[in-house]
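S.K.: Sending over work_17.pdb (PDB, C-alpha atoms).
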```
ATOM      1  CA  MET A   1       0.000   0.000   0.000
ATOM      2  CA  PRO A   2       1.424   3.445  -0.905
ATOM      3  CA  HIS A   3       2.167   5.460   2.238
ATOM      4  CA  LEU A   4       2.673   9.232   2.063
ATOM      5  CA  VAL A   5       4.540  10.962   4.892
ATOM      6  CA  LEU A   6       4.140  14.727   5.329
ATOM      7  CA  LEU A   7       7.110  16.628   6.780
ATOM      8  CA  GLY A   8       7.556  20.270   7.690
ATOM      9  CA  ASP A   9       5.501  22.901   9.459
ATOM     10  CA  SER A  10       1.913  24.133   9.869
ATOM     11  CA  THR A  11       1.391  24.323   6.121
ATOM     12  CA  PHE A  12       0.611  20.616   6.574
ATOM     13  CA  ASP A  13      -0.031  20.571  10.349
ATOM     14  CA  ASN A  14      -2.895  23.083  10.204
ATOM     15  CA  GLY A  15      -5.413  21.255  12.388
ATOM     16  CA  ALA A  16      -5.328  23.963  15.065
ATOM     17  CA  TYR A  17      -6.584  26.557  12.574
ATOM     18  CA  VAL A  18      -9.477  24.866  10.763
ATOM     19  CA  ARG A  19     -12.062  24.912  13.603
ATOM     20  CA  GLY A  20     -12.879  21.235  13.436
ATOM     21  CA  GLY A  21     -12.662  21.001   9.668
ATOM     22  CA  PRO A  22     -10.322  18.612   7.854
ATOM     23  CA  ASP A  23      -6.639  19.420   8.000
ATOM     24  CA  VAL A  24      -4.278  18.948   5.070
ATOM     25  CA  ALA A  25      -3.449  15.348   6.014
ATOM     26  CA  ALA A  26      -7.135  14.414   6.151
ATOM     27  CA  GLN A  27      -7.738  16.056   2.800
ATOM     28  CA  CYS A  28      -4.796  14.158   1.307
ATOM     29  CA  ARG A  29      -6.340  10.910   2.572
ATOM     30  CA  THR A  30      -9.645  11.782   0.903
ATOM     31  CA  LEU A  31      -8.014  12.722  -2.399
ATOM     32  CA  LEU A  32      -5.625   9.772  -2.579
ATOM     33  CA  GLY A  33      -8.306   7.290  -1.578
ATOM     34  CA  ALA A  34      -8.431   4.103   0.429
ATOM     35  CA  ASP A  35      -5.482   2.611  -1.448
ATOM     36  CA  TRP A  36      -3.138   5.088   0.271
ATOM     37  CA  ARG A  37      -2.033   5.737   3.842
ATOM     38  CA  VAL A  38      -1.061   9.254   4.983
ATOM     39  CA  THR A  39       1.032  10.044   8.057
ATOM     40  CA  CYS A  40       1.639  13.641   9.133
ATOM     41  CA  LEU A  41       4.905  14.230  10.991
ATOM     42  CA  ALA A  42       4.914  17.952  10.209
ATOM     43  CA  ALA A  43       4.633  20.188  13.279
ATOM     44  CA  ASP A  44       3.376  23.736  13.706
ATOM     45  CA  GLY A  45       6.395  26.025  14.120
ATOM     46  CA  ALA A  46       8.946  23.576  12.750
ATOM     47  CA  VAL A  47      11.968  24.883  10.860
ATOM     48  CA  ILE A  48      14.087  23.253   8.181
ATOM     49  CA  GLU A  49      16.567  22.045  10.809
ATOM     50  CA  ASP A  50      13.769  19.885  12.304
ATOM     51  CA  VAL A  51      13.160  17.903   9.120
ATOM     52  CA  PRO A  52      15.887  15.243   9.546
ATOM     53  CA  ARG A  53      14.456  14.446  12.995
ATOM     54  CA  GLN A  54      10.954  14.203  11.547
ATOM     55  CA  LEU A  55      12.223  11.959   8.783
ATOM     56  CA  ALA A  56      13.906   9.678  11.306
ATOM     57  CA  ALA A  57      10.463   9.069  12.829
ATOM     58  CA  ALA A  58       8.918   8.099   9.482
ATOM     59  CA  PRO A  59       7.289   4.652   9.424
ATOM     60  CA  PRO A  60       9.411   1.933   7.811
ATOM     61  CA  ASP A  61       6.675   1.261   5.244
ATOM     62  CA  ALA A  62       6.671   4.863   3.941
ATOM     63  CA  THR A  63       6.746   4.990   0.146
ATOM     64  CA  HIS A  64       6.447   8.726  -0.629
ATOM     65  CA  VAL A  65       7.351  11.970   1.133
ATOM     66  CA  ALA A  66       6.176  15.560   0.762
ATOM     67  CA  MET A  67       7.930  18.419   2.561
ATOM     68  CA  SER A  68       6.706  21.960   3.151
ATOM     69  CA  VAL A  69       8.936  24.055   5.379
ATOM     70  CA  GLY A  70      10.663  27.424   5.469
ATOM     71  CA  GLY A  71       7.998  29.832   6.659
ATOM     72  CA  SER A  72       9.146  29.668  10.272
ATOM     73  CA  ASN A  73      12.746  30.185   9.163
ATOM     74  CA  ALA A  74      11.649  33.300   7.311
ATOM     75  CA  LEU A  75       9.621  34.560  10.289
ATOM     76  CA  ALA A  76      12.754  34.426  12.432
ATOM     77  CA  HIS A  77      14.118  37.252  10.262
ATOM     78  CA  ALA A  78      10.929  39.326  10.082
ATOM     79  CA  GLY A  79      12.447  42.080  12.201
ATOM     80  CA  ILE A  80      14.707  43.126   9.375
ATOM     81  CA  LEU A  81      11.726  44.616   7.554
ATOM     82  CA  ASN A  82      11.267  47.343  10.212
ATOM     83  CA  ARG A  83      14.805  47.778  11.546
ATOM     84  CA  PRO A  84      16.441  51.182  10.995
ATOM     85  CA  VAL A  85      19.506  50.810   8.785
ATOM     86  CA  ALA A  86      22.066  53.152   7.300
ATOM     87  CA  SER A  87      21.655  51.778   3.782
ATOM     88  CA  SER A  88      19.675  49.248   1.786
ATOM     89  CA  ALA A  89      22.881  47.235   1.482
ATOM     90  CA  GLU A  90      22.567  46.308   5.177
ATOM     91  CA  VAL A  91      19.129  44.824   4.559
ATOM     92  CA  LEU A  92      20.296  42.944   1.487
ATOM     93  CA  ALA A  93      23.349  41.626   3.320
ATOM     94  CA  GLU A  94      21.220  40.276   6.187
ATOM     95  CA  LEU A  95      18.795  38.682   3.742
ATOM     96  CA  ALA A  96      21.732  37.128   1.891
ATOM     97  CA  ASP A  97      23.101  35.686   5.136
ATOM     98  CA  ALA A  98      19.658  34.303   6.041
ATOM     99  CA  ARG A  99      19.315  32.825   2.555
ATOM    100  CA  ASP A 100      22.712  31.161   2.716
ATOM    101  CA  ALA A 101      22.042  29.583   6.125
ATOM    102  CA  PHE A 102      18.620  28.368   5.026
ATOM    103  CA  ALA A 103      19.951  26.987   1.733
ATOM    104  CA  ALA A 104      22.641  24.996   3.542
ATOM    105  CA  ALA A 105      20.107  23.508   5.963
ATOM    106  CA  TYR A 106      17.696  22.817   3.104
ATOM    107  CA  ASP A 107      20.364  20.932   1.183
ATOM    108  CA  ALA A 108      21.130  18.883   4.293
ATOM    109  CA  ALA A 109      17.454  17.977   4.619
ATOM    110  CA  LEU A 110      17.309  16.973   0.954
ATOM    111  CA  ASP A 111      20.413  14.835   1.449
ATOM    112  CA  ALA A 112      18.628  13.023   4.284
ATOM    113  CA  LEU A 113      15.543  12.525   2.134
ATOM    114  CA  GLU A 114      17.545  11.178  -0.793
ATOM    115  CA  ALA A 115      19.400   8.816   1.539
ATOM    116  CA  ARG A 116      16.043   7.314   2.502
ATOM    117  CA  GLY A 117      15.587   6.310  -1.151
ATOM    118  CA  LEU A 118      11.955   7.401  -1.434
ATOM    119  CA  PRO A 119      10.375   9.594  -4.114
ATOM    120  CA  PHE A 120       9.553  12.984  -2.654
ATOM    121  CA  ALA A 121       8.165  16.390  -3.536
ATOM    122  CA  VAL A 122       8.822  19.761  -1.932
ATOM    123  CA  CYS A 123       6.789  22.950  -1.559
ATOM    124  CA  THR A 124       7.678  26.604  -1.737
ATOM    125  CA  VAL A 125       6.505  29.010   0.987
ATOM    126  CA  TYR A 126       3.277  30.865   0.251
ATOM    127  CA  ASN A 127       2.991  34.648   0.694
ATOM    128  CA  GLY A 128       0.123  34.504   3.195
ATOM    129  CA  ASN A 129      -2.820  36.835   3.503
ATOM    130  CA  LEU A 130      -1.038  40.034   4.500
ATOM    131  CA  ALA A 131      -2.483  43.335   3.351
ATOM    132  CA  GLY A 132      -0.871  46.502   2.089
ATOM    133  CA  ARG A 133       2.756  47.414   2.648
ATOM    134  CA  ALA A 134       3.361  44.524   5.069
ATOM    135  CA  GLY A 135       2.230  42.027   2.452
ATOM    136  CA  ARG A 136       4.395  43.544  -0.259
ATOM    137  CA  LEU A 137       7.507  43.563   1.920
ATOM    138  CA  ALA A 138       6.896  40.028   3.170
ATOM    139  CA  ALA A 139       6.504  38.719  -0.378
ATOM    140  CA  VAL A 140       9.853  40.231  -1.382
ATOM    141  CA  ALA A 141      11.635  38.798   1.666
ATOM    142  CA  LEU A 142      10.045  35.371   1.204
ATOM    143  CA  ALA A 143      11.193  35.301  -2.398
ATOM    144  CA  VAL A 144      14.761  34.950  -1.090
ATOM    145  CA  PHE A 145      13.831  31.723   0.714
ATOM    146  CA  ASP A 146      11.712  30.445  -2.162
ATOM    147  CA  ASP A 147      14.588  31.032  -4.549
ATOM    148  CA  ALA A 148      16.748  28.758  -2.385
ATOM    149  CA  ILE A 149      14.038  26.075  -2.458
ATOM    150  CA  LEU A 150      13.544  26.272  -6.207
ATOM    151  CA  ARG A 151      17.267  26.193  -6.934
ATOM    152  CA  ALA A 152      17.801  23.150  -4.709
ATOM    153  CA  ALA A 153      14.817  21.368  -6.226
ATOM    154  CA  ALA A 154      15.861  22.122  -9.790
ATOM    155  CA  ALA A 155      19.382  20.857  -9.153
ATOM    156  CA  ARG A 156      17.939  17.527  -7.960
ATOM    157  CA  ARG A 157      15.125  17.360 -10.543
ATOM    158  CA  LEU A 158      12.381  17.303  -7.924
ATOM    159  CA  CYS A 159       8.661  17.897  -8.218
ATOM    160  CA  VAL A 160       7.768  21.237  -6.639
ATOM    161  CA  VAL A 161       4.411  22.503  -5.411
ATOM    162  CA  GLU A 162       4.494  26.273  -5.929
ATOM    163  CA  LEU A 163       2.321  27.350  -2.992
ATOM    164  CA  ARG A 164       2.469  31.022  -3.935
ATOM    165  CA  LEU A 165       0.246  30.123  -6.883
ATOM    166  CA  VAL A 166      -1.799  27.477  -5.045
ATOM    167  CA  CYS A 167      -2.869  29.624  -2.068
ATOM    168  CA  ASP A 168      -3.564  32.860  -3.897
ATOM    169  CA  ALA A 169      -6.858  34.076  -2.387
ATOM    170  CA  PRO A 170      -7.860  35.421   1.054
ATOM    171  CA  ALA A 171     -10.202  32.449   1.604
ATOM    172  CA  ASP A 172      -7.186  30.130   1.470
ATOM    173  CA  TYR A 173      -6.059  31.403   4.884
ATOM    174  CA  ALA A 174      -7.550  30.924   8.356
ATOM    175  CA  THR A 175      -5.081  33.489   9.740
ATOM    176  CA  PRO A 176      -2.686  35.748   7.868
ATOM    177  CA  ILE A 177      -0.164  32.887   7.670
ATOM    178  CA  GLU A 178      -2.048  29.606   8.241
ATOM    179  CA  PRO A 179      -4.063  27.647   5.651
ATOM    180  CA  SER A 180      -7.820  27.323   6.013
ATOM    181  CA  VAL A 181      -9.926  24.327   5.038
ATOM    182  CA  VAL A 182     -10.231  25.902   1.582
ATOM    183  CA  GLY A 183      -6.512  26.496   1.263
ATOM    184  CA  GLY A 184      -5.737  23.103   2.752
ATOM    185  CA  ALA A 185      -7.862  21.445   0.085
ATOM    186  CA  LYS A 186      -5.883  23.234  -2.623
ATOM    187  CA  ILE A 187      -2.581  22.261  -0.983
ATOM    188  CA  ALA A 188      -3.685  18.636  -0.644
ATOM    189  CA  ARG A 189      -4.757  18.491  -4.279
ATOM    190  CA  ALA A 190      -1.426  19.818  -5.528
ATOM    191  CA  VAL A 191       0.573  17.564  -3.183
ATOM    192  CA  ALA A 192      -1.427  14.501  -4.245
ATOM    193  CA  ARG A 193      -0.722  15.243  -7.892
ATOM    194  CA  ALA A 194       2.974  15.792  -7.184
ATOM    195  CA  VAL A 195       3.547  12.586  -5.218
ATOM    196  CA  GLU A 196       1.579  10.495  -7.690
ATOM    197  CA  ALA A 197       3.736  11.943 -10.482
ATOM    198  CA  ARG A 198       6.903  10.718  -8.747
ATOM    199  CA  GLY A 199       5.984   7.042  -9.038
ATOM    200  CA  GLY A 200       7.074   4.401  -6.544
ATOM    201  CA  PRO A 201      10.391   3.822  -4.796
ATOM    202  CA  GLY A 202      13.231   3.580  -7.250
ATOM    203  CA  ALA A 203      11.207   5.213 -10.015
ATOM    204  CA  GLY A 204      12.873   7.904 -12.034
ATOM    205  CA  GLY A 205      11.236  11.244 -12.669
ATOM    206  CA  THR A 206      11.634  14.669 -14.175
ATOM    207  CA  ALA A 207      11.303  17.989 -12.413
ATOM    208  CA  ARG A 208       7.784  19.388 -12.576
ATOM    209  CA  LEU A 209       6.033  22.409 -11.094
ATOM    210  CA  PHE A 210       2.552  21.970  -9.624
ATOM    211  CA  THR A 211       0.253  24.931  -9.079
ATOM    212  CA  ALA A 212      -3.117  23.240  -8.564
TER     213      ALA A 212
END
```
Output the file's structure in the form of structure tokens.

M.R.:
Amino acid sequence: MPHLVLLGDSTFDNGAYVRGGPDVAAQCRTLLGADWRVTCLAADGAVIEDVPRQLAAAPPDATHVAMSVGGSNALAHAGILNRPVASSAEVLAELADARDAFAAAYDAALDALEARGLPFAVCTVYNGNLAGRAGRLAAVALAVFDDAILRAAAARRLCVVELRLVCDAPADYATPIEPSVVGGAKIARAVARAVEARGGPGAGGTARLFTA
């Protein structure tokens, strides 16, 4: 039986925000059907450095993995958007340092996933439902982290769920940064398509971008 394991943060572990509605894992189970099992090891607030530990807890019969992480790493640097600086170069330098640290940790997580020998897909970080100037600034800062994800995924020919295009409406969010039942359904649909496209263990595959 195919067995999908979800790793990462509250993009998948959104049960606390859906007011009794189905979370992303439950919606994946519905979409994939009775022939699949789905285990969610993602945890609200997790960062990329937590992924190898999550992966170590994956059931031995896991056949597919999907990972969505990076938002909490980005949030750790949110203060840069309002910090007084002498020049824009200071902001860019701090973003570059944050990008480099995240990219190194992301590559380490991908190494751990590849060592497990399972087909897997990754997700970018969505922009959230932030209005006005705050939303515009956040989208620019997040693009630095998403660029690291896309570059790493392209280098390894991975399937990528581009969540900035999946969760693109206010109704997709239960809070400014957490997916609602509506958004979770869209995430689950894109993840299901991505993992099914990867085939079974040992199957080859080409890089693909999923937006719905």

S.K.: Pick from A:Ala138, A:Leu163, A:Ala171, A:Val65: nearest to Glu114 (chain A), with all atoms listed in the file counted?

M.R.: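 Of A:Ala138, A:Leu163, A:Ala171, A:Val65, the one nearest Glu114 (chain A), counting all atoms listed in the file, is A:Val65.
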
S.K.: Hey, what comes out of the PyMOL selection byres ((chain A and resi 7-24) around 7) on this file? Could you write it as a compact mmCIF listing (two decimals) with C-alpha atoms, in the coordinates of the input?

M.R.:
```
# COMPACT_ATOMS: atom_id res chain seq x y z
CA VAL A 5 4.54 10.96 4.89
CA LEU A 6 4.14 14.73 5.33
CA ALA A 25 -3.45 15.35 6.01
CA ALA A 26 -7.14 14.41 6.15
CA GLN A 27 -7.74 16.06 2.80
CA CYS A 28 -4.80 14.16 1.31
CA CYS A 40 1.64 13.64 9.13
CA LEU A 41 4.90 14.23 10.99
CA ALA A 42 4.91 17.95 10.21
CA ALA A 43 4.63 20.19 13.28
CA ASP A 44 3.38 23.74 13.71
CA GLY A 45 6.40 26.02 14.12
CA ALA A 46 8.95 23.58 12.75
CA VAL A 47 11.97 24.88 10.86
CA VAL A 51 13.16 17.90 9.12
CA GLN A 54 10.95 14.20 11.55
CA ALA A 66 6.18 15.56 0.76
CA MET A 67 7.93 18.42 2.56
CA SER A 68 6.71 21.96 3.15
CA VAL A 69 8.94 24.06 5.38
CA ALA A 174 -7.55 30.92 8.36
CA GLU A 178 -2.05 29.61 8.24
CA PRO A 179 -4.06 27.65 5.65
CA SER A 180 -7.82 27.32 6.01
CA VAL A 181 -9.93 24.33 5.04
CA GLY A 184 -5.74 23.10 2.75
CA ALA A 185 -7.86 21.44 0.08
CA ALA A 188 -3.68 18.64 -0.64
```

S.K.: List the residues matched by the PyMOL selection byres ((chain A and resi 73-79) around 12) in the displayed structure as a PDB file with C-alpha atoms, in the coordinates of the input, ordered by chain and then by residue number.

M.R.:
```
ATOM      1  CA  GLY A   8       7.556  20.270   7.690  1.00  0.00           C
ATOM      2  CA  ASP A   9       5.501  22.901   9.459  1.00  0.00           C
ATOM      3  CA  GLY A  45       6.395  26.025  14.120  1.00  0.00           C
ATOM      4  CA  ALA A  46       8.946  23.576  12.750  1.00  0.00           C
ATOM      5  CA  VAL A  47      11.968  24.883  10.860  1.00  0.00           C
ATOM      6  CA  ILE A  48      14.087  23.253   8.181  1.00  0.00           C
ATOM      7  CA  GLU A  49      16.567  22.045  10.809  1.00  0.00           C
ATOM      8  CA  ASP A  50      13.769  19.885  12.304  1.00  0.00           C
ATOM      9  CA  SER A  68       6.706  21.960   3.151  1.00  0.00           C
ATOM     10  CA  VAL A  69       8.936  24.055   5.379  1.00  0.00           C
ATOM     11  CA  GLY A  70      10.663  27.424   5.469  1.00  0.00           C
ATOM     12  CA  GLY A  71       7.998  29.832   6.659  1.00  0.00           C
ATOM     13  CA  SER A  72       9.146  29.668  10.272  1.00  0.00           C
ATOM     14  CA  ILE A  80      14.707  43.126   9.375  1.00  0.00           C
ATOM     15  CA  LEU A  81      11.726  44.616   7.554  1.00  0.00           C
ATOM     16  CA  ASN A  82      11.267  47.343  10.212  1.00  0.00           C
ATOM     17  CA  ARG A  83      14.805  47.778  11.546  1.00  0.00           C
ATOM     18  CA  PRO A  84      16.441  51.182  10.995  1.00  0.00           C
ATOM     19  CA  VAL A  85      19.506  50.810   8.785  1.00  0.00           C
ATOM     20  CA  VAL A  91      19.129  44.824   4.559  1.00  0.00           C
ATOM     21  CA  GLU A  94      21.220  40.276   6.187  1.00  0.00           C
ATOM     22  CA  LEU A  95      18.795  38.682   3.742  1.00  0.00           C
ATOM     23  CA  ALA A  96      21.732  37.128   1.891  1.00  0.00           C
ATOM     24  CA  ASP A  97      23.101  35.686   5.136  1.00  0.00           C
ATOM     25  CA  ALA A  98      19.658  34.303   6.041  1.00  0.00           C
ATOM     26  CA  ARG A  99      19.315  32.825   2.555  1.00  0.00           C
ATOM     27  CA  ASP A 100      22.712  31.161   2.716  1.00  0.00           C
ATOM     28  CA  ALA A 101      22.042  29.583   6.125  1.00  0.00           C
ATOM     29  CA  PHE A 102      18.620  28.368   5.026  1.00  0.00           C
ATOM     30  CA  ALA A 103      19.951  26.987   1.733  1.00  0.00           C
ATOM     31  CA  ALA A 105      20.107  23.508   5.963  1.00  0.00           C
ATOM     32  CA  TYR A 106      17.696  22.817   3.104  1.00  0.00           C
ATOM     33  CA  THR A 124       7.678  26.604  -1.737  1.00  0.00           C
ATOM     34  CA  VAL A 125       6.505  29.010   0.987  1.00  0.00           C
ATOM     35  CA  TYR A 126       3.277  30.865   0.251  1.00  0.00           C
ATOM     36  CA  ASN A 127       2.991  34.648   0.694  1.00  0.00           C
ATOM     37  CA  GLY A 128       0.123  34.504   3.195  1.00  0.00           C
ATOM     38  CA  ALA A 134       3.361  44.524   5.069  1.00  0.00           C
ATOM     39  CA  GLY A 135       2.230  42.027   2.452  1.00  0.00           C
ATOM     40  CA  LEU A 137       7.507  43.563   1.920  1.00  0.00           C
ATOM     41  CA  ALA A 138       6.896  40.028   3.170  1.00  0.00           C
ATOM     42  CA  ALA A 139       6.504  38.719  -0.378  1.00  0.00           C
ATOM     43  CA  VAL A 140       9.853  40.231  -1.382  1.00  0.00           C
ATOM     44  CA  ALA A 141      11.635  38.798   1.666  1.00  0.00           C
ATOM     45  CA  LEU A 142      10.045  35.371   1.204  1.00  0.00           C
ATOM     46  CA  ALA A 143      11.193  35.301  -2.398  1.00  0.00           C
ATOM     47  CA  VAL A 144      14.761  34.950  -1.090  1.00  0.00           C
ATOM     48  CA  PHE A 145      13.831  31.723   0.714  1.00  0.00           C
ATOM     49  CA  ASP A 146      11.712  30.445  -2.162  1.00  0.00           C
ATOM     50  CA  ALA A 148      16.748  28.758  -2.385  1.00  0.00           C
ATOM     51  CA  ILE A 177      -0.164  32.887   7.670  1.00  0.00           C
TER      52      ILE A 177
END
```

S.K.: Which residues are close to Ala155 (chain A), i.e. within 12 Å by only C-alpha atoms, leaving aside same-chain residues fewer than 3 positions away? Reply as a list of chain:residue names.

M.R.: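 So, after excluding close chain neighbours, the residues are A:Asp107, A:Leu110, A:Ala148, A:Ile149, A:Leu150, A:Arg151, A:Ala152, A:Leu158, A:Cys159, A:Val160, A:Thr206, A:Ala207.
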
S.K.: For region 126-136 of chain A, I'd like the enclosing box, axis-aligned and padded by 3 Å on every side, reported as lines of an AutoDock Vina configuration file with centre and edge lengths in Å to one decimal.

M.R.:
```
center_x = 0.8
center_y = 39.1
center_z = 2.4
size_x = 13.2
size_y = 22.5
size_z = 11.3
```

S.K.: On this structure, the PyMOL selection byres ((chain A and resi 193) around 12) would catch which residues? List them as a ChimeraX atom specification, sorted by chain and number.

M.R.: /A:28,31-32,66,120-121,159-161,186-192,194-199,208-212

S.K.: Using CA of Leu130 (chain A) and CA of Glu162 (chain A) as the two end points, give the distance in Å to one decimal.

M.R.: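 Calculated distance between CA of Leu130 (chain A) and CA of Glu162 (chain A) is 18.1 Å.
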
S.K.: A:Ala169, A:Ala112, A:Gly117, A:Ala154: which is nearest Ala131 (chain A), counting all atoms listed in the file?

M.R.: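 Result for the nearest residue to Ala131 (chain A): A:Ala169.
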
S.K.: Calculate how many Å separate CA of Asp147 (chain A) from CA of Ser87 (chain A), rounding to one decimal.

M.R.: 23.4 Å

S.K.: Calculate how many Å separate CA of Pro59 (chain A) from CA of Leu4 (chain A), rounding to one decimal.

M.R.: 9.8 Å
